[in-house]
file run.cif (mmCIF, C-alpha atoms)
data_upload
#
loop_
_atom_site.label_atom_id
_atom_site.label_comp_id
_atom_site.auth_asym_id
_atom_site.auth_seq_id
_atom_site.Cartn_x
_atom_site.Cartn_y
_atom_site.Cartn_z
CA MET A 1 35.93 6.68 -27.71
CA VAL A 2 38.14 8.99 -25.71
CA SER A 3 41.43 9.24 -27.53
CA PRO A 4 44.76 10.25 -26.04
CA MET A 5 44.91 14.01 -25.74
CA THR A 6 41.20 14.60 -25.81
CA THR A 7 40.96 18.32 -24.99
CA VAL A 8 38.44 19.39 -22.36
CA LEU A 9 37.44 22.87 -21.26
CA VAL A 10 36.63 23.01 -17.54
CA THR A 11 34.74 26.19 -16.60
CA GLY A 12 35.18 27.07 -12.94
CA GLY A 13 38.12 24.67 -12.81
CA ALA A 14 39.90 26.61 -10.05
CA GLY A 15 36.98 26.04 -7.67
CA PHE A 16 36.42 23.28 -5.14
CA ILE A 17 34.94 20.52 -7.30
CA GLY A 18 36.57 21.80 -10.49
CA SER A 19 40.14 21.62 -9.17
CA HIS A 20 39.71 18.06 -7.87
CA THR A 21 38.22 16.99 -11.20
CA VAL A 22 41.06 18.60 -13.15
CA VAL A 23 43.62 16.58 -11.16
CA GLN A 24 41.86 13.34 -12.11
CA LEU A 25 41.42 14.39 -15.76
CA LEU A 26 45.14 15.11 -16.07
CA LYS A 27 46.04 11.82 -14.37
CA GLN A 28 43.83 9.98 -16.85
CA GLY A 29 45.53 11.52 -19.87
CA PHE A 30 43.23 14.39 -20.84
CA ARG A 31 44.43 17.78 -21.97
CA VAL A 32 42.67 20.42 -19.88
CA THR A 33 42.02 24.15 -20.14
CA ILE A 34 40.58 25.82 -17.05
CA MET A 35 38.52 28.96 -17.58
CA ASP A 36 37.77 30.80 -14.34
CA ASN A 37 37.09 34.40 -13.34
CA LEU A 38 38.56 33.74 -9.86
CA ASP A 39 35.46 35.29 -8.28
CA ASN A 40 35.28 32.60 -5.57
CA SER A 41 38.58 30.80 -6.20
CA VAL A 42 42.31 31.56 -6.37
CA MET A 43 45.24 30.89 -8.69
CA GLU A 44 47.05 29.04 -5.90
CA ALA A 45 44.58 26.15 -6.36
CA VAL A 46 45.63 25.88 -10.02
CA HIS A 47 49.33 25.96 -9.09
CA ARG A 48 48.75 23.17 -6.58
CA VAL A 49 46.94 21.07 -9.18
CA GLY A 50 50.07 21.38 -11.32
CA ARG A 51 52.33 20.35 -8.46
CA LEU A 52 50.12 17.40 -7.52
CA VAL A 53 50.17 15.87 -11.00
CA GLY A 54 53.87 16.64 -11.57
CA PRO A 55 55.77 18.52 -14.30
CA HIS A 56 55.05 16.04 -17.07
CA LEU A 57 51.24 16.06 -16.76
CA SER A 58 51.00 19.73 -15.80
CA ASN A 59 52.23 20.50 -19.34
CA ASN A 60 48.74 19.41 -20.42
CA LEU A 61 47.09 22.09 -18.27
CA THR A 62 46.34 25.64 -19.45
CA PHE A 63 44.70 28.40 -17.44
CA TYR A 64 42.59 31.12 -19.03
CA HIS A 65 41.32 34.02 -16.94
CA GLY A 66 37.89 34.84 -18.29
CA ASP A 67 34.23 35.30 -17.45
CA LEU A 68 31.34 33.40 -19.03
CA ARG A 69 29.23 36.56 -18.88
CA ASN A 70 31.62 38.06 -21.42
CA VAL A 71 31.06 36.45 -24.83
CA HIS A 72 34.34 37.93 -26.11
CA ASP A 73 36.29 36.01 -23.46
CA LEU A 74 34.65 32.78 -24.60
CA ASP A 75 35.03 33.48 -28.32
CA ASN A 76 38.66 34.36 -27.84
CA LEU A 77 39.33 31.05 -26.04
CA PHE A 78 37.39 28.85 -28.49
CA SER A 79 39.06 30.45 -31.50
CA LYS A 80 42.48 29.49 -30.07
CA THR A 81 41.72 25.91 -28.94
CA ASN A 82 39.76 23.09 -30.47
CA PHE A 83 37.76 21.60 -27.59
CA ASP A 84 36.32 18.08 -27.75
CA ALA A 85 34.02 18.61 -24.75
CA VAL A 86 33.19 20.99 -21.92
CA ILE A 87 32.67 20.30 -18.22
CA HIS A 88 30.70 23.27 -16.92
CA PHE A 89 31.18 23.99 -13.20
CA ALA A 90 31.33 27.78 -13.18
CA GLY A 91 28.63 29.36 -11.05
CA LEU A 92 27.69 30.86 -7.71
CA LYS A 93 26.43 28.31 -5.19
CA GLY A 94 25.03 29.84 -1.99
CA VAL A 95 21.38 29.07 -1.25
CA GLY A 96 21.06 31.85 1.35
CA GLU A 97 22.97 34.36 -0.76
CA SER A 98 20.76 33.58 -3.76
CA VAL A 99 17.64 34.43 -1.73
CA ALA A 100 19.17 37.83 -0.88
CA LYS A 101 20.72 38.49 -4.31
CA PRO A 102 18.64 36.73 -6.96
CA ARG A 103 19.71 39.07 -9.79
CA ARG A 104 23.36 38.27 -9.19
CA TYR A 105 22.60 34.53 -9.37
CA PHE A 106 20.50 34.68 -12.54
CA HIS A 107 23.05 36.86 -14.29
CA ASN A 108 26.00 34.73 -13.32
CA ASN A 109 24.59 31.19 -13.55
CA VAL A 110 21.98 31.52 -16.31
CA VAL A 111 23.39 34.23 -18.61
CA GLY A 112 26.87 32.71 -18.31
CA SER A 113 25.54 29.28 -19.32
CA ILE A 114 23.56 30.68 -22.27
CA ASN A 115 26.73 32.38 -23.55
CA LEU A 116 28.63 29.12 -23.20
CA PHE A 117 26.01 27.18 -25.22
CA GLN A 118 26.12 29.86 -27.91
CA VAL A 119 29.89 29.90 -28.30
CA MET A 120 30.12 26.10 -28.17
CA ALA A 121 27.57 25.89 -30.99
CA ASN A 122 29.47 28.51 -33.02
CA HIS A 123 32.62 26.40 -32.73
CA ASN A 124 30.86 23.07 -33.23
CA CYS A 125 31.72 21.70 -29.78
CA LYS A 126 28.58 19.86 -28.69
CA LYS A 127 29.54 17.51 -25.87
CA MET A 128 28.91 18.83 -22.40
CA VAL A 129 28.80 17.69 -18.78
CA ILE A 130 26.85 20.21 -16.70
CA SER A 131 27.15 20.74 -12.99
CA SER A 132 23.57 20.68 -11.73
CA SER A 133 22.34 20.15 -8.20
CA ALA A 134 20.01 18.19 -5.96
CA THR A 135 18.35 21.55 -5.23
CA VAL A 136 16.34 20.99 -8.44
CA TYR A 137 14.26 18.48 -6.44
CA GLY A 138 13.25 21.13 -3.89
CA GLN A 139 11.46 19.56 -0.94
CA PRO A 140 11.11 16.08 -2.47
CA ASP A 141 7.80 14.25 -2.17
CA GLN A 142 9.69 11.07 -1.44
CA VAL A 143 13.31 10.09 -0.80
CA PRO A 144 15.57 8.84 -2.15
CA CYS A 145 15.28 11.24 -5.10
CA VAL A 146 15.24 9.51 -8.47
CA GLU A 147 16.10 11.32 -11.69
CA GLU A 148 12.43 11.24 -12.72
CA SER A 149 11.30 12.94 -9.47
CA LEU A 150 9.34 16.16 -9.81
CA LEU A 151 11.64 19.15 -10.38
CA GLN A 152 10.62 22.04 -8.12
CA ALA A 153 13.44 24.29 -6.96
CA MET A 154 12.73 26.15 -3.72
CA ASN A 155 15.21 29.02 -3.98
CA PRO A 156 16.84 31.21 -6.65
CA TYR A 157 20.07 29.15 -6.66
CA GLY A 158 18.08 25.96 -7.32
CA ARG A 159 16.06 27.75 -9.99
CA THR A 160 19.23 28.81 -11.83
CA LYS A 161 20.23 25.13 -11.99
CA LEU A 162 16.76 24.11 -13.14
CA PHE A 163 16.68 26.85 -15.82
CA VAL A 164 20.06 25.73 -17.14
CA GLU A 165 18.80 22.12 -17.23
CA ASP A 166 15.66 23.24 -19.12
CA ILE A 167 17.75 25.27 -21.58
CA ALA A 168 20.01 22.25 -22.15
CA ARG A 169 17.01 20.00 -22.78
CA ASP A 170 15.49 22.49 -25.23
CA ILE A 171 18.75 22.98 -27.15
CA GLN A 172 19.35 19.25 -27.40
CA ARG A 173 15.79 18.67 -28.61
CA ALA A 174 16.19 21.32 -31.32
CA GLU A 175 19.74 20.27 -32.28
CA PRO A 176 19.95 16.50 -31.72
CA GLU A 177 23.70 16.32 -32.37
CA TRP A 178 24.31 17.73 -28.87
CA ARG A 179 25.23 15.20 -26.18
CA ILE A 180 24.63 16.56 -22.70
CA ILE A 181 24.84 14.98 -19.26
CA LEU A 182 23.39 16.83 -16.27
CA LEU A 183 24.97 15.77 -12.99
CA ARG A 184 22.82 16.50 -9.96
CA TYR A 185 25.10 16.46 -7.01
CA PHE A 186 24.14 16.19 -3.45
CA ASN A 187 26.49 17.68 -0.81
CA PRO A 188 30.16 17.62 -1.85
CA VAL A 189 32.62 17.48 1.05
CA GLY A 190 36.10 16.22 1.88
CA ALA A 191 39.33 17.15 0.16
CA HIS A 192 42.18 15.67 -1.84
CA GLU A 193 43.98 13.02 0.21
CA SER A 194 47.25 14.99 -0.07
CA GLY A 195 45.75 17.82 1.98
CA GLN A 196 46.89 20.19 -0.79
CA LEU A 197 43.47 20.84 -2.37
CA GLY A 198 40.21 21.56 -0.58
CA GLU A 199 37.28 23.89 -0.21
CA ASP A 200 38.24 27.50 0.52
CA PRO A 201 35.16 29.73 0.33
CA ARG A 202 35.43 33.50 0.55
CA GLY A 203 33.71 35.08 3.54
CA ILE A 204 31.39 33.11 5.83
CA PRO A 205 30.87 29.65 4.30
CA ASN A 206 27.43 28.74 2.94
CA ASN A 207 27.90 25.02 3.49
CA LEU A 208 28.16 22.91 6.61
CA MET A 209 31.59 21.29 6.27
CA PRO A 210 33.74 24.36 5.47
CA TYR A 211 31.92 26.05 8.35
CA ILE A 212 32.85 23.17 10.71
CA HIS A 213 36.43 23.32 9.41
CA GLN A 214 36.66 27.04 10.20
CA VAL A 215 35.32 26.47 13.72
CA ALA A 216 37.79 23.59 14.25
CA VAL A 217 40.82 25.74 13.35
CA GLY A 218 39.59 28.71 15.39
CA ARG A 219 38.52 31.04 12.57
CA LEU A 220 34.88 31.03 13.71
CA PRO A 221 33.69 30.76 17.32
CA GLN A 222 30.89 28.23 16.83
CA LEU A 223 28.81 26.30 14.34
CA ASN A 224 25.32 27.65 13.75
CA VAL A 225 22.94 24.76 13.14
CA TYR A 226 19.90 26.03 11.26
CA GLY A 227 16.81 24.16 12.38
CA HIS A 228 16.58 21.61 15.19
CA ASP A 229 12.85 20.94 14.97
CA TYR A 230 12.75 19.03 11.69
CA PRO A 231 10.86 15.71 11.71
CA THR A 232 14.14 13.72 11.73
CA LYS A 233 15.79 11.49 14.36
CA ASP A 234 17.73 14.36 15.96
CA GLY A 235 15.72 17.32 14.64
CA THR A 236 18.40 18.46 12.18
CA PRO A 237 18.09 18.24 8.38
CA ILE A 238 19.33 15.17 6.53
CA ARG A 239 21.56 15.38 3.48
CA ASP A 240 23.53 13.07 1.24
CA TYR A 241 27.20 13.99 1.65
CA ILE A 242 29.57 12.85 -1.09
CA HIS A 243 33.37 12.89 -1.15
CA VAL A 244 34.68 15.38 -3.69
CA MET A 245 37.02 12.72 -5.15
CA ASP A 246 34.03 10.45 -5.82
CA LEU A 247 32.37 13.40 -7.49
CA ALA A 248 35.46 14.05 -9.63
CA GLU A 249 35.38 10.43 -10.84
CA GLY A 250 31.66 10.81 -11.57
CA HIS A 251 32.43 13.65 -13.98
CA ILE A 252 35.02 11.59 -15.80
CA ALA A 253 32.62 8.65 -16.04
CA ALA A 254 30.04 11.05 -17.54
CA LEU A 255 32.60 12.48 -19.97
CA ARG A 256 33.56 9.00 -21.17
CA LYS A 257 29.85 8.19 -21.59
CA LEU A 258 29.44 11.22 -23.89
CA PHE A 259 32.15 9.94 -26.22
CA ALA A 260 30.87 6.36 -26.12
CA THR A 261 27.14 6.98 -26.67
CA ASP A 262 25.93 8.90 -29.71
CA ASN A 263 22.25 8.95 -28.74
CA ILE A 264 22.66 9.99 -25.10
CA GLY A 265 20.52 13.09 -25.75
CA CYS A 266 20.27 15.23 -22.62
CA THR A 267 20.29 12.93 -19.60
CA ALA A 268 20.42 13.56 -15.85
CA TYR A 269 22.25 11.48 -13.25
CA ASN A 270 22.31 11.80 -9.47
CA LEU A 271 25.74 11.73 -7.85
CA GLY A 272 25.49 10.93 -4.16
CA THR A 273 26.08 8.03 -1.80
CA GLY A 274 22.40 7.15 -1.49
CA ARG A 275 22.64 7.53 2.29
CA GLY A 276 21.25 10.36 4.38
CA THR A 277 23.25 11.81 7.28
CA SER A 278 21.93 14.45 9.68
CA VAL A 279 23.82 17.65 10.46
CA LEU A 280 24.52 16.51 14.02
CA GLU A 281 25.77 13.09 12.83
CA MET A 282 28.17 14.89 10.51
CA VAL A 283 29.40 17.10 13.34
CA ALA A 284 30.01 14.01 15.50
CA ALA A 285 31.94 12.30 12.69
CA PHE A 286 34.12 15.38 12.23
CA GLU A 287 34.78 15.65 15.97
CA LYS A 288 35.93 12.05 15.93
CA ALA A 289 38.22 12.55 12.91
CA SER A 290 39.77 15.76 14.24
CA ALA A 291 39.66 15.11 18.00
CA LYS A 292 38.24 18.65 18.27
CA LYS A 293 35.07 19.72 20.06
CA ILE A 294 32.83 21.81 17.81
CA PRO A 295 30.75 24.33 19.82
CA ILE A 296 27.21 24.49 18.43
CA LYS A 297 24.53 27.15 18.50
CA MET A 298 21.04 26.03 17.58
CA CYS A 299 19.37 28.57 15.28
CA PRO A 300 15.96 28.82 13.60
CA ARG A 301 15.45 27.12 10.24
CA ARG A 302 16.73 28.89 7.15
CA PRO A 303 14.22 29.78 4.43
CA GLY A 304 14.52 27.47 1.44
CA ASP A 305 15.99 24.47 3.31
CA ALA A 306 14.42 21.03 2.82
CA THR A 307 14.01 18.41 5.60
CA ALA A 308 15.66 15.39 4.00
CA VAL A 309 17.28 15.03 0.61
CA TYR A 310 19.31 12.03 -0.49
CA ALA A 311 19.93 10.33 -3.77
CA SER A 312 19.03 7.18 -5.55
CA THR A 313 22.25 6.44 -7.42
CA ASP A 314 21.06 3.33 -9.28
CA LYS A 315 21.00 5.04 -12.67
CA ALA A 316 24.60 6.32 -12.41
CA GLU A 317 25.76 2.87 -11.28
CA ARG A 318 23.95 1.16 -14.12
CA GLU A 319 24.70 3.55 -17.00
CA LEU A 320 27.94 5.28 -16.01
CA GLY A 321 29.50 2.38 -14.11
CA TRP A 322 30.09 4.81 -11.25
CA LYS A 323 29.53 4.38 -7.54
CA ALA A 324 30.72 6.43 -4.56
CA LYS A 325 33.55 4.67 -2.72
CA TYR A 326 33.95 6.83 0.38
CA GLY A 327 31.88 7.18 3.55
CA ILE A 328 31.60 10.06 6.02
CA GLU A 329 34.63 8.83 8.01
CA GLU A 330 36.91 9.34 4.98
CA MET A 331 35.20 12.62 4.11
CA CYS A 332 35.88 13.97 7.60
CA ARG A 333 39.42 12.53 7.73
CA ASP A 334 40.39 14.16 4.42
CA LEU A 335 38.67 17.43 5.28
CA TRP A 336 40.55 17.61 8.59
CA ASN A 337 43.83 16.81 6.82
CA TRP A 338 43.23 19.78 4.49
CA ALA A 339 42.00 22.04 7.31
CA SER A 340 44.90 21.29 9.63
CA LYS A 341 47.47 21.90 6.84
CA ASN A 342 45.67 24.98 5.48
CA PRO A 343 43.77 26.51 8.41
CA TRP A 344 43.33 29.78 6.51
CA GLY A 345 42.80 28.17 3.10
CA TYR A 346 45.04 28.76 0.10
CA GLN A 347 46.01 32.30 0.96
CA GLY A 348 47.27 31.84 4.50
CA LYS A 349 46.27 34.33 7.19
CA HIS A 350 45.92 37.95 6.08
#
call {"tool": "encode", "arguments": {"input": "run.cif", "output": "structure tokens"}}
result
Amino acid sequence: MVSPMTTVLVTGGAGFIGSHTVVQLLKQGFRVTIMDNLDNSVMEAVHRVGRLVGPHLSNNLTFYHGDLRNVHDLDNLFSKTNFDAVIHFAGLKGVGESVAKPRRYFHNNVVGSINLFQVMANHNCKKMVISSSATVYGQPDQVPCVEESLLQAMNPYGRTKLFVEDIARDIQRAEPEWRIILLRYFNPVGAHESGQLGEDPRGIPNNLMPYIHQVAVGRLPQLNVYGHDYPTKDGTPIRDYIHVMDLAEGHIAALRKLFATDNIGCTAYNLGTGRGTSVLEMVAAFEKASAKKIPIKMCPRRPGDATAVYASTDKAERELGWKAKYGIEEMCRDLWNWASKNPWGYQGKH
């Protein structure tokens, strides 16, 4: 079982999902080390995590600036700290960017993960929760996606996630003492209810909700909606949006499962709400939450985008005892709270 002061390494813990998960880990009594190269995240997020949990719990948080592509960084960290488990978030996550820069994505997401497996094995740390993605389902033959659905990534980003899943399965098969959970998330949105933590991408956002947020606060002139001729009720693609705090709890449920189940093997779980929402429905919900009008420009479809992807979450409910609590109203409310308090993200306006 999870004992007091179980020590967890969180790679990419300064990022959007990582930082929210670290808050919940600390609140639930874990000792946490974040390793992050700050490529798409900032130290301010880590400082805010510390402030949110308070001085007592923030004593259980350590930050290590390092890069998974550098084995020496990893070796150095693992030789100093005895980790009980790893939650692996670190990676690049833009579908469009991955199509333009596949080498960058394979180097970062795949090579970094291989190094992590290697160093974990060297230090006999063999419990791991891996951040995977619904992109491994590609354009699904049927929805909702179940964990046994055909895996067929449609873009380089999705392929990096699928390769890492395949590597994890192969390692676990060869070395059965590994316990690995692959979490396939759908579309994480929202923010911490305090408005102190949220998504703060560098450059033009790749994802819908940070894009809407930047339009709402006046950083971008309009929302580009890619594709309005899909075979859906309003022509825009359908996705399963999940509140980042639900996602954070899903990681902790998975972590507890690793400690409780010796024969878990390498198992995948979907984390979503099980409900599909179209892009235009999401825009309408955000307009309602923020009382802001979001100007829209209809654009052609993007290469690599699927029509409708949403999750079956039965397996996670049954085996992890986890279920998403929040709907799109709360997602939009919390996102607007973060956006209105931090219109220019963590750094303020430059």
call {"tool": "resolve_selection", "arguments": {"input": "run.cif", "expression": "the PyMOL selection byres ((chain A and resi 214) around 12)", "output": "PyMOL selection string"}}
result
chain A and resi 199-213+215-224+292+294-295+335-336+338-340+342-345
call {"tool": "closest_residue", "arguments": {"input": "run.cif", "among": "A:Arg256, A:Arg333, A:Arg275, A:Arg159", "to": "Leu25 of chain A", "atoms": "only C-alpha atoms"}}
result
A:Arg256
call {"tool": "closest_atom_pairs", "arguments": {"input": "run.cif", "of": "segment 289-332 of chain A", "to": "segment 79-103 of chain A", "cutoff": "9 Å", "atoms": "only C-alpha atoms", "output": "tab-separated table"}}
result
residue	atom	partner	partner_atom	distance
A:Arg302	CA	A:Gly96	CA	7.8
A:Pro303	CA	A:Gly96	CA	7.8
A:Gly304	CA	A:Val95	CA	7.5
A:Asp305	CA	A:Val95	CA	8.4
call {"tool": "closest_residue", "arguments": {"input": "run.cif", "among": "A:Cys145, A:Ala260, A:Cys125, A:Val189", "to": "His243 of chain A", "atoms": "only C-alpha atoms"}}
result
A:Val189
call {"tool": "residues_around", "arguments": {"input": "run.cif", "residues": "segment 312-327 of chain A", "least_positions_apart": "3", "cutoff": "6 Å", "atoms": "all atoms listed in the file", "output": "list of chain:residue names"}}
result
A:Pro144, A:Cys145, A:Val146, A:Asp246, A:Ala253, A:Tyr269, A:Asn270, A:Thr273, A:Gly274, A:Glu330
call {"tool": "closest_residue", "arguments": {"input": "run.cif", "among": "A:Lys27, A:Lys126, A:Arg184, A:Lys349", "to": "Ala268 of chain A", "atoms": "all atoms listed in the file"}}
result
A:Arg184
call {"tool": "closest_residue", "arguments": {"input": "run.cif", "among": "A:Tyr137, A:Phe78, A:Tyr64, A:Tyr105", "to": "Met43 of chain A", "atoms": "only C-alpha atoms"}}
result
A:Tyr64
call {"tool": "resolve_selection", "arguments": {"input": "run.cif", "expression": "the PyMOL selection byres ((chain A and resi 307-310) around 6)", "output": "PDB file with C-alpha atoms, in the frame of the given file"}}
result
ATOM      1  CA  PRO A 144      15.570   8.840  -2.150  1.00  0.00           C
ATOM      2  CA  PRO A 237      18.090  18.240   8.380  1.00  0.00           C
ATOM      3  CA  ILE A 238      19.330  15.170   6.530  1.00  0.00           C
ATOM      4  CA  ARG A 239      21.560  15.380   3.480  1.00  0.00           C
ATOM      5  CA  ASP A 240      23.530  13.070   1.240  1.00  0.00           C
ATOM      6  CA  GLY A 274      22.400   7.150  -1.490  1.00  0.00           C
ATOM      7  CA  GLY A 276      21.250  10.360   4.380  1.00  0.00           C
ATOM      8  CA  ALA A 306      14.420  21.030   2.820  1.00  0.00           C
ATOM      9  CA  ALA A 311      19.930  10.330  -3.770  1.00  0.00           C
TER      10      ALA A 311
END
call {"tool": "residues_around", "arguments": {"input": "run.cif", "residues": "Ala174 of chain A", "least_positions_apart": "5", "cutoff": "12 Å", "atoms": "all atoms listed in the file", "output": "CSV table (one decimal) with C-alpha atoms, in the coordinates of the input"}}
result
chain,number,residue,atom,x,y,z
A,167,ILE,CA,17.8,25.3,-21.6
A,168,ALA,CA,20.0,22.2,-22.2
A,169,ARG,CA,17.0,20.0,-22.8
A,265,GLY,CA,20.5,13.1,-25.8
A,266,CYS,CA,20.3,15.2,-22.6
call {"tool": "resolve_selection", "arguments": {"input": "run.cif", "expression": "the PyMOL selection byres ((chain A and resi 30-42) around 6)", "output": "mmCIF file with C-alpha atoms, in the frame of the given file"}}
result
data_model
loop_
_atom_site.group_PDB
_atom_site.id
_atom_site.type_symbol
_atom_site.label_atom_id
_atom_site.label_comp_id
_atom_site.auth_asym_id
_atom_site.auth_seq_id
_atom_site.Cartn_x
_atom_site.Cartn_y
_atom_site.Cartn_z
ATOM 1 C CA MET A 5 44.910 14.010 -25.740
ATOM 2 C CA THR A 6 41.200 14.600 -25.810
ATOM 3 C CA THR A 7 40.960 18.320 -24.990
ATOM 4 C CA VAL A 8 38.440 19.390 -22.360
ATOM 5 C CA LEU A 9 37.440 22.870 -21.260
ATOM 6 C CA VAL A 10 36.630 23.010 -17.540
ATOM 7 C CA THR A 11 34.740 26.190 -16.600
ATOM 8 C CA GLY A 12 35.180 27.070 -12.940
ATOM 9 C CA GLY A 13 38.120 24.670 -12.810
ATOM 10 C CA ALA A 14 39.900 26.610 -10.050
ATOM 11 C CA GLY A 15 36.980 26.040 -7.670
ATOM 12 C CA LEU A 25 41.420 14.390 -15.760
ATOM 13 C CA LEU A 26 45.140 15.110 -16.070
ATOM 14 C CA GLN A 28 43.830 9.980 -16.850
ATOM 15 C CA GLY A 29 45.530 11.520 -19.870
ATOM 16 C CA MET A 43 45.240 30.890 -8.690
ATOM 17 C CA GLU A 44 47.050 29.040 -5.900
ATOM 18 C CA ALA A 45 44.580 26.150 -6.360
ATOM 19 C CA ASN A 60 48.740 19.410 -20.420
ATOM 20 C CA LEU A 61 47.090 22.090 -18.270
ATOM 21 C CA THR A 62 46.340 25.640 -19.450
ATOM 22 C CA PHE A 63 44.700 28.400 -17.440
ATOM 23 C CA TYR A 64 42.590 31.120 -19.030
ATOM 24 C CA HIS A 65 41.320 34.020 -16.940
ATOM 25 C CA GLY A 66 37.890 34.840 -18.290
ATOM 26 C CA ASP A 67 34.230 35.300 -17.450
#
call {"tool": "closest_residue", "arguments": {"input": "run.cif", "among": "A:Val53, A:Ile328, A:Ile130, A:Leu74", "to": "Phe286 of chain A", "atoms": "all atoms listed in the file"}}
result
A:Ile328
call {"tool": "closest_residue", "arguments": {"input": "run.cif", "among": "A:Ile180, A:Asn187, A:Thr267, A:Lys233", "to": "Glu148 of chain A", "atoms": "all atoms listed in the file"}}
result
A:Thr267
